Structures are given as C-alpha cells and as structure tokens.
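Okay, so here's the structure we're looking at.
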Amino acid sequence: MPILKVEGVSKIFKDVKALDDISFEFDHGIISFLGPSGCGKTTLLRSIAGLEVPDAGTISIADKVQTCIERGVLVPPYSREIGFVFQSYALWPHMTVFSSVAFGLKLRKKSDDEIKRKVMATLDLVGLQGREQRYPSQLSGGQQQRVALARSLALEPRLILLDEPLSNLDAKLREEMRVELKKLIKKVGISALYVTHDQDEAFTISDAVVVMDSGKILQYGTPDEIYNRPLHPFVAAFVGHAALVDGRVVRIDGDNCLVNVPEFNGADLISPATEALAAGDFCKVVIRTTEVKLSPDGFPKGADNVLEGLMTSREYRGGLTDHRVQIGSKELIVTSHKLCPMIRVNGDGAKTFVSIDRSAISVIVTH
C-alpha cells in the first residue's frame with residue numbers, strides 16, 4: 001500500500017498552470033521534489049497537506065482519500081495525520097521550546113502527563129534536551145529547525161512534509177543538518193516529502209527524486225537513475241554538471257551507440273545504447289563533465305572518445321578547478337580535482353585533449 005498516491009492533480013493561478021495533471025505513487029522512505037523556483041513543487045506539497053485546494057485530481061494518504069475534487073472530498077490539514085515543517089520554521093517568538101512542541105498536542109486535547117511525556121521524548125530525539133524553556137531568539141538556526149521538526153514529530157504523523165527546511169542555514173550547517181535530518185527520519189520510521197531546489201540536498205537525503213518543471217513531472221526515479229540516466233534534456237541540464245550538444249545516431253552496435261556531434265567538428269562519440277535509440281534519430285548528447293579526463297599530450301590508443309581542443313581559461317574553486325576547453329564550436333567546462341595533472345600545466349590557449357568515457361554519456365532522443 002503506497003503511503004501517498006496522487007492522481008491527475010491540476011492547479012491554475014490566473015493564467016499560470018502551477019500543476020499540470022500530476023500523477024505518481026510513493027511507497028515509503030524519503031522522496032524529494034526537485035526543480036527551479038516556480039516549477040510547482042511547493043504548490044504540490046501544499047495541496048498534499050490540504051493547505052491548497054487543487055482544481056482537479058485525487059490525493060490519498062495511507063489508502064485514505066484526503067482530496068477528491070470530483071467527489072467534493074477535502075479533509076482539513078489537521079485531520080490528515082501529517083506533519084509540516086515550513087521554510088521559515090513558523091516558531092512563535094513568545095513561546096518556549098516546550099510550548100511550541102506541545103501546541104499541537106494541546107489542540108488534540110491530550111492530557112498534561114501525556115503532553116509532557118511526548119514533548120520530552122521528542123526533544124530528546126532531536127537533541128534538544130535541556131533547552132525546553134528557551135525561546136526562539138535564544139536558539140541557533142539549526143536548533144530552531146529542530147524545534148520545528150520536533151513539533152511535527154510529536155504528533156506521530158504517518159507522513160511529514162518539509163518545505164525547503166534548510167534554506168535559512170549557512171552552507172556548512174546545511175550540509176551537516178541534511179545528514180542529521182535523514183538519520184532522524186529513518187530512526188523515527190516515518191515517510192517524508194521534501195521540497196528543495198538544491199540537487200545535492202535532494203540526492204543526499206532521498207530514496208527517490210521527482211524532477212519538476214512548469215508544473216509537470218519530467219522524471220521520477222532513484223538519485224542514481226536521475227543523475228546517470230536522465231530522460232529529458234531539462235533534467236540533464238538541471239541535475240549535476242553536464243554539457244548538452246546536438247547529435248544524430250549513426251548506428252547501434254550491440255551495447256554501444258555511435259552518435260555524430262556536428263559541434264565537435266563532426267566527431268563520432270560512443271555511448272551506451274538503449275532500447276529508445278535507433279539509427280537516424282536526432283538527439284541531445286549529455287556529457288557529465290566531472291567524469292571527463294584531460295591531458296596536454298593525448299591518450300593511449302583505445303581510450304574512449306578522444307577529442308582535441310584548446311584550453312581557453314581556468315577558474316580555481318578551492319579543491320576543484322573548472323577548465324574551459326574549446327572543441328569545435330562548443331566550449332566544454334571540465335571540472336577536475338586539485339590532484340589532476342592539468343592544474344599544473346601552464347599556458348591557456350594550448351592544445352588540450354579530452355577523453356570522455358562512454359559511461360559518462362547519455363543520449364536523449366529529440367526527434
């Protein structure tokens with residue numbers, strides 16, 4: 001039984017289609033909605049929570065219909081057995097940590113003893129024991145985030161919804177909290193829906209990822225499938241560090257596909273073949289540039305997809321360096337680790353060779 005089932009959900013704001021016939025199922029674990037600002041991910045999350053009323057469609061949680069526009073069903077948010085962690089945390093400045101976490105339990109008319117037991121157990125779970133009498137202004141950003149999470153967990157929801165909960169934290173704390181948050185959700189044993197525009201965050205925390213754009217789901221799969229086998233040019237461009245070039249399939253040879261790329265001086269590249277590819281297909285060739293090798297002297301015979309270009313410039317980024325290599329009419333930005341020998345090669349404008357492993361290439365048919 002899926003913990004969440006969404007069928008044909010649509011929502012229009014004036015002349016903007018925020019959600020366009022969205023359908024998917026999710027069994028358990030952590031699922032992230034990933035996409036740029038305005039793609040519809042927060043509108044979808046709010047519709048699942050009951051905070052937004054869609055124009056069409058059905059939403060079921062744990063096999064119970066929560067929203068069905070066609071049948072006039074609209075279960076209020078407080079009756080949906082869900083928790084919601086807002087981007088702003090939504091902590092009342094006049095309430096202590098204890099009062100904030102206890103708020104929902106009081107609304108459900110739990111006894112004082114049960115409220116105290118559940119609040120203290122939840123604060124211990126999120127690592128805030130001993131801080132129950134503090135106010136939000138006396139807490140760090142990470143601690144405020146944990147209070148917001150504890151407030152939802154205390155209600156023992158079937159499903160917890162998180163709307164960019166780490167976006168207000170600094171970069172280092174955000175990295176620490178995403179790992180901590182994943183461990184906590186797994187420890188509690190509930191399922192979670194997580195909205196973010198940060199692909200690293202989505203990949204780190206999620207069992208499954210939904211990539212959205214313009215109110216549509218473009219791909220739904222595991223982080224590995226989304227990264228290594230994108231099914232749509234937008235997904236390929238949005239996720240990871242990738243270059244997209246136009247190409248045409250020359251032939252399929254067993255497990256390999258030969259594709260011609262006019263922008264690379266008409267070079268033929270070898271990539272993995274898929275059932276969707278056929279000779280003559282026009283396509284987008286996706287190259288994951290963090291997996292491209294560089295050399296000033298060339299590569300041994302038999303190396304995959306060796307191309308010759310010119311190094312135009314390099315940008316130092318601490319442990320990583322971006323090398324800009326002009327190959328034909330296309331500039332390829334290759335990101336390498338600080339131990340890459342090319343970093344110690346002087347002279348922009350020099351001849352440079354690249355080797356693109358076939359496993360670093362995906363081909364998406366565009367017809």
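The way I read the labels, and the way they are meant: chains A, B, ... in the order of the structure tokens, residue 1 as the first residue of every chain, and ligand 1 as the first ligand shown, with later ones counted on from there.
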* Could you find all residues in segment 77-315 of chain A that DSSP calls helix (DSSP H, G or I) from the backbone, and write them as a VMD selection string? => chain A and resid 77 to 79 97 to 107 112 to 125 136 to 138 141 to 153 171 to 188 199 to 205 223 to 228 233 to 238 262 to 264 289 to 291
query: Using only C-alpha atoms, which residues sit within 7 Å of Ser191 of chain A once same-chain residues fewer than 4 positions away are excluded, as a PyMOL selection string?
result: chain A and resi 28-30+158-160
TODO: Give me the residues within 10 Å of segment 231-245 of chain A as number ranges by chain, counting only C-alpha atoms and dropping any in the same chain fewer than 4 places off.
DONE: A: 34-36, 197-200, 203, 211-213, 218-220, 223, 225-227, 261-264, 283-291, 330-335, 360-366
If we count only C-alpha atoms and set the cut-off at 9 Å, which residues sit around Lys17 of chain A, ignoring sequence neighbours fewer than 6 positions away in its own chain? Please answer as a list in words.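 What passes the distance filter is Ser10, Lys11, Gly40, Ser214 and Gly215 of chain A.
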Review point. Which residues, written as number ranges by chain, have at least one atom at most 9 Å from Asn305 of chain A, with only C-alpha atoms counted and residues fewer than 2 positions away on the same chain left out?
Key: A: 267-270, 302-303, 307, 354-358
Review point. Taking into account only C-alpha atoms, which residue in the set A:Gly142, A:Pro157, A:Pro300, A:Gly127 is nearest to Ala62 of chain A?
Key: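 Closest residue, counting only C-alpha atoms: A:Pro157.
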Between A:Glu156, A:Asp297, A:Glu25, A:Glu132, single out the one closest to Glu7 of chain A, counting only C-alpha atoms.
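Using only C-alpha atoms, Glu7 of chain A sits closest to A:Glu25.
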Nearest to Ser140 of chain A, restricted to only C-alpha atoms and choosing among A:Glu315, A:Lys118, A:Asp170, A:Ser32, comes out as A:Asp170
Nearby residues (only C-alpha atoms) at most 12 Å from Ile205 of chain A, same-chain spacing under 3 positions excluded, as a count of residues only = 35
